[in-house]
Amino acid sequence: MTLRLQLRQPPALRVDARVLAPGALAALSLADVQRLCLPHGREPLPLAELFDVERAGGDDDALVLAGDLRRFDGVGAGMASGSLEVDGAVGDSAGLGMSGGRLVIRGAARDLVACSMRGGWLEVHGDIGDFAASALPGDRDGMRGGTLVVRGRAGARLADRMRRGTVVVHGDSGDFTASRMVAGTLAIGGRCGAHAGWGMRRGTLVFAGEAPAPPPTFVGMQGDVRVFWQLLARDLERFGAPFAGLARRDVRRFAGDIAVDGRGEWLVPAT
Amino acid sequence: MRVRGVDIDDSFAEAFPMKATRLVVTAHDPAWAMHAGVAATGFATSVIACGCEAGIERVLAPAETPDGRPGVALLMFAMSGKELAKQVERRVGQCVLTCPTTAVFAGLADGEPIALGRNLRFFGDGWQTAKVIGGVRYWRVPVMDGEFVAQETTPVVKAVGGGNLLLLATGTAEALAGAQAAADAMRRVPNVILPFPGGVVRSGSKVGSRYAGLLASTNDAFCPALANLVPHTALTDDVRCVLEIVIDGLAEADVSAAMRAGIDAIAARGAEAGVRRISAGNYGGKLGPYHFHLRRLMGEVAL
């Protein structure tokens with residue numbers, strides 16, 4: 001049966017929520033779940049003081065959190081399996097380092113969504129903040145696997161130092177999108193801010209919406225890439241509008257950032 | 001057993017375990033895909049001296065391929081996974097990579113992976129890039145006509161090689177016509193190839209030889225020229241020409257289906273068309289684990 005946690009009221013200080021993992025909690029009795037402690041400021045707080053707990057219908061390895069969790073950081077951090085759904089907004093570092101399973105946030109998230117993500121599926125229905133799919137301080141690269149889907153808008157430095165995996169944003173994306181990107185695929189449905197692809201080494205940036213003008217360190221690439229475009233575009237189409245019909249659009253290609261490795265690419269489908 | 005006048009021998013084909021993979025080669029149009037397919041499966045009639053046995057399984061429509069372009073499906077069979085890996089790398093590297101506009105993908109979903117694009121990527125001299133799409137890695141190598149896209153690996157499965165039919169006919173023209181009709185019907189069966197030229201082999205062999213070092217020699221029991229000279233001939237006076245069709249298939253059921261399709265095609269023409277009898281080649285049943293009994297294929301129940 002699915003474990004459901006209903007927030008009683010927003011906490012006074014920020015809470016580290018990484019202990020709320022579907023797999024781990026599924027193994028505990030309701031009483032043990034209520035006794036779990038979450039870091040709240042400098043003090044640990046028993047879960048029962050923050051949430052009403054019940055088990056109801058649904059899968060065993062599923063966890064539902066409901067309420068305004070904007071002060072909860074690290075929701076789904078380190079998740080390896082199972083399903084975690086949030087009916088509400090969350091704080092920073094949602095899905096930090098997750099390696100599997102499915103995390104769906106039906107509200108907004110703040111900074112560092114999917115930071116260092118290794119695998120699994122992370123979906124945010126609302127807007128997200130800065131440095132999504134990026135690297136932890138001190139790490140050489142960021143997100144290195146899995147899929148991040150954002151239905152709303154993304155902030156600045158999206159996919160900073162991203163290494164592998166797929167990031168899809170339906171809405172707009174902020175400044176310095178794909179900065180220092182190492183590899184992976186990022187598709188944007190809306191508009192994009194300034195300085196996209198700054199220091200991009202490899203990787204693919206698909207502008208399904210309005211594409212920015214390529215900067216001087218991105219050069220045009222002639223040559224037929226239709227085979228690769230069909231493979232990629234068909235895969236992106238499954239994310240729905242604004243990527244519907246992507247494979248039927250002709251594509252222009254730019255290589256860069258030639259100030260660094262320069263094997264990255266911008267794919268700009270025709271309107 | 002006799003079907004429309006054609007005798008079906010109480011015999012069986014003896015076949016062997018092999019390792020196989022399927023490759024999907026696409027190109028700008030069907031003609032160029034065929035050029036690549038023909039080249040890649042050339043000189044692959046027998047593992048005795050060709051390294052592998054390979055053929056074009058069928059033509060693929062654009063709707064059937066990963067990139068939506070016309071293509072061909074190739075099947076390759078070898079005695080070991082290691083030899084198959086070597087053959088795939090060489091043939092794809094020399095005959096598919098080189099052919100204009102091609103791309104190559106794995107044609108099976110499950111199996112032990114061997115390198116496909118993984119080792120060919122170095123041709124890009126550092127300019128190659130990879131992309132993981134849907135959990136599968138593809139390599140992209142810049143070449144003069146654009147990009148050569150190759151899936152990183154292809155799965156290898158256990159397969160069956162050496163299913164066969166021996167067609168005993170009244171003359172050369174009759175044997176050829178019958179063999180062609182049978183081969184056409186057998187090629188329509190999925191998951192099989194007929195590795196010999198035109199699908200037919202004239203130099204059927206037996207195990208052993210009077211010469212030390214020769215593992216196989218002419219199948220004298222089925223040579224018309226020796227019918228009155230060897231005591232163990234399988235031929236009667238009216239047989240002037242014998243041709244063999246060899247089948248490699250992904251599974252036992254596929255080889256059975258192909259052999260049945262061949263027999264049906266011969267029987268449909270009737271004995272008056274010239275193929276009077278159908279037999280099959282085996283080694284006494286001691287070498288190969290797969291036995292395809294002709295009469296059982298035709299629905300005769302074993303007593």
# chains A, B, ... in the order shown; residues from 1 in each chain; ligands from 1
>>> select_by_dssp(residues="range 172-253 of chain B", states="alpha helix (DSSP H)", output="list in words")
Thr172, Ala173, Glu174, Ala175, Leu176, Ala177, Gly178, Ala179, Gln180, Ala181, Ala182, Ala183, Asp184, Ala185, Met186, Arg187, Glu252 and Ala253 of chain B
>>> interface_residues(of="chain B", to="chain A", cutoff="9 Å", atoms="only C-alpha atoms", output="number ranges by chain")
B: 66-69, 103, 127-134, 138, 140, 144-149
>>> write_last_selection(atoms="N, CA and C atoms", output="short mmCIF file (atom, residue, chain, number, x, y, z; two decimals), in the first residue's frame")
data_model
loop_
_atom_site.label_atom_id
_atom_site.label_comp_id
_atom_site.auth_asym_id
_atom_site.auth_seq_id
_atom_site.Cartn_x
_atom_site.Cartn_y
_atom_site.Cartn_z
N PRO B 66 14.95 2.35 -37.94
CA PRO B 66 15.03 3.35 -36.86
C PRO B 66 15.06 4.79 -37.37
N ASP B 67 15.64 5.03 -38.55
CA ASP B 67 15.75 6.40 -39.04
C ASP B 67 14.74 6.71 -40.14
N GLY B 68 13.83 5.78 -40.42
CA GLY B 68 12.80 6.07 -41.41
C GLY B 68 13.29 6.09 -42.84
N ARG B 69 14.44 5.44 -43.11
CA ARG B 69 14.93 5.38 -44.50
C ARG B 69 14.86 3.93 -44.97
N ALA B 103 23.77 3.98 -42.72
CA ALA B 103 23.83 3.96 -41.26
C ALA B 103 23.60 2.50 -40.87
N TRP B 127 37.13 13.40 -33.97
CA TRP B 127 35.96 14.23 -34.21
C TRP B 127 34.65 13.47 -33.98
N GLN B 128 34.75 12.19 -33.66
CA GLN B 128 33.53 11.42 -33.46
C GLN B 128 32.85 11.83 -32.16
N THR B 129 31.53 11.71 -32.12
CA THR B 129 30.79 11.94 -30.88
C THR B 129 29.79 10.81 -30.70
N ALA B 130 29.36 10.65 -29.46
CA ALA B 130 28.37 9.61 -29.16
C ALA B 130 27.11 10.27 -28.65
N LYS B 131 26.02 9.58 -28.72
CA LYS B 131 24.77 10.09 -28.15
C LYS B 131 23.96 8.91 -27.65
N VAL B 132 23.46 9.04 -26.42
CA VAL B 132 22.59 8.00 -25.88
C VAL B 132 21.15 8.45 -26.09
N ILE B 133 20.40 7.67 -26.82
CA ILE B 133 18.99 7.98 -27.09
C ILE B 133 18.18 6.77 -26.68
N GLY B 134 17.24 6.97 -25.76
CA GLY B 134 16.42 5.84 -25.33
C GLY B 134 17.24 4.71 -24.75
N TYR B 138 24.70 5.59 -29.73
CA TYR B 138 25.04 5.62 -31.15
C TYR B 138 26.32 6.43 -31.32
N ARG B 140 28.68 8.73 -33.95
CA ARG B 140 28.53 9.56 -35.14
C ARG B 140 29.93 9.92 -35.60
N MET B 144 32.90 12.15 -45.51
CA MET B 144 32.78 13.13 -46.58
C MET B 144 31.35 13.40 -47.02
N ASP B 145 30.46 12.44 -46.83
CA ASP B 145 29.08 12.70 -47.27
C ASP B 145 28.19 13.15 -46.09
N GLY B 146 28.81 13.44 -44.95
CA GLY B 146 28.02 13.88 -43.80
C GLY B 146 28.45 13.15 -42.54
N GLU B 147 27.65 12.22 -42.10
CA GLU B 147 27.92 11.50 -40.86
C GLU B 147 27.63 10.04 -41.04
N PHE B 148 28.48 9.18 -40.50
CA PHE B 148 28.17 7.75 -40.45
C PHE B 148 27.65 7.47 -39.05
N VAL B 149 26.39 7.06 -38.94
CA VAL B 149 25.78 6.77 -37.65
C VAL B 149 25.75 5.26 -37.46
#
>>> closest_residue(among="B:His28, B:Arg58, B:Arg188, B:Lys158", to="Cys99 in chain B", atoms="only C-alpha atoms")
B:His28
>>> residues_around(residues="Arg140 in chain A", least_positions_apart="6", cutoff="10 Å", atoms="only C-alpha atoms", output="list in words")
Arg161, Met162, Arg163 and Val182 of chain A
>>> select_by_dssp(residues="range 4-239 of chain A", states="strand (DSSP E or B)", output="ChimeraX atom specification")
/A:4-7,15-16,37-40,43-46,51-56,62-66,69,72-73,83-87,90,102-105,121-124,144-150,164-169,173,185-188,192,204-207,219-220
>>> atom_distance(atom1="CA of Val88 in chain B", atom2="CA of Ala257 in chain B")
26.7 Å
>>> residues_around(residues="Thr218 in chain B", least_positions_apart="6", cutoff="8 Å", atoms="only C-alpha atoms", output="list in words")
Ser203, Gly204, Ser205 and Lys206 of chain B
>>> residues_around(residues="Pro70 in chain B", least_positions_apart="5", cutoff="7 Å", atoms="only C-alpha atoms", output="list of chain:residue names")
B:Thr26, B:Ala27, B:Asp29, B:Pro30, B:Leu60, B:Ala61, B:Pro62
>>> residues_around(residues="Thr236 in chain B", least_positions_apart="4", cutoff="12 Å", atoms="only C-alpha atoms", output="list in words")
Leu168, Ala169, Thr170, Ala221, Phe222, Cys223, Pro224, Ala225, Leu226, Ala227, Asn228, His232, Arg240, Cys241, Val242, Arg276 and Arg277 of chain B
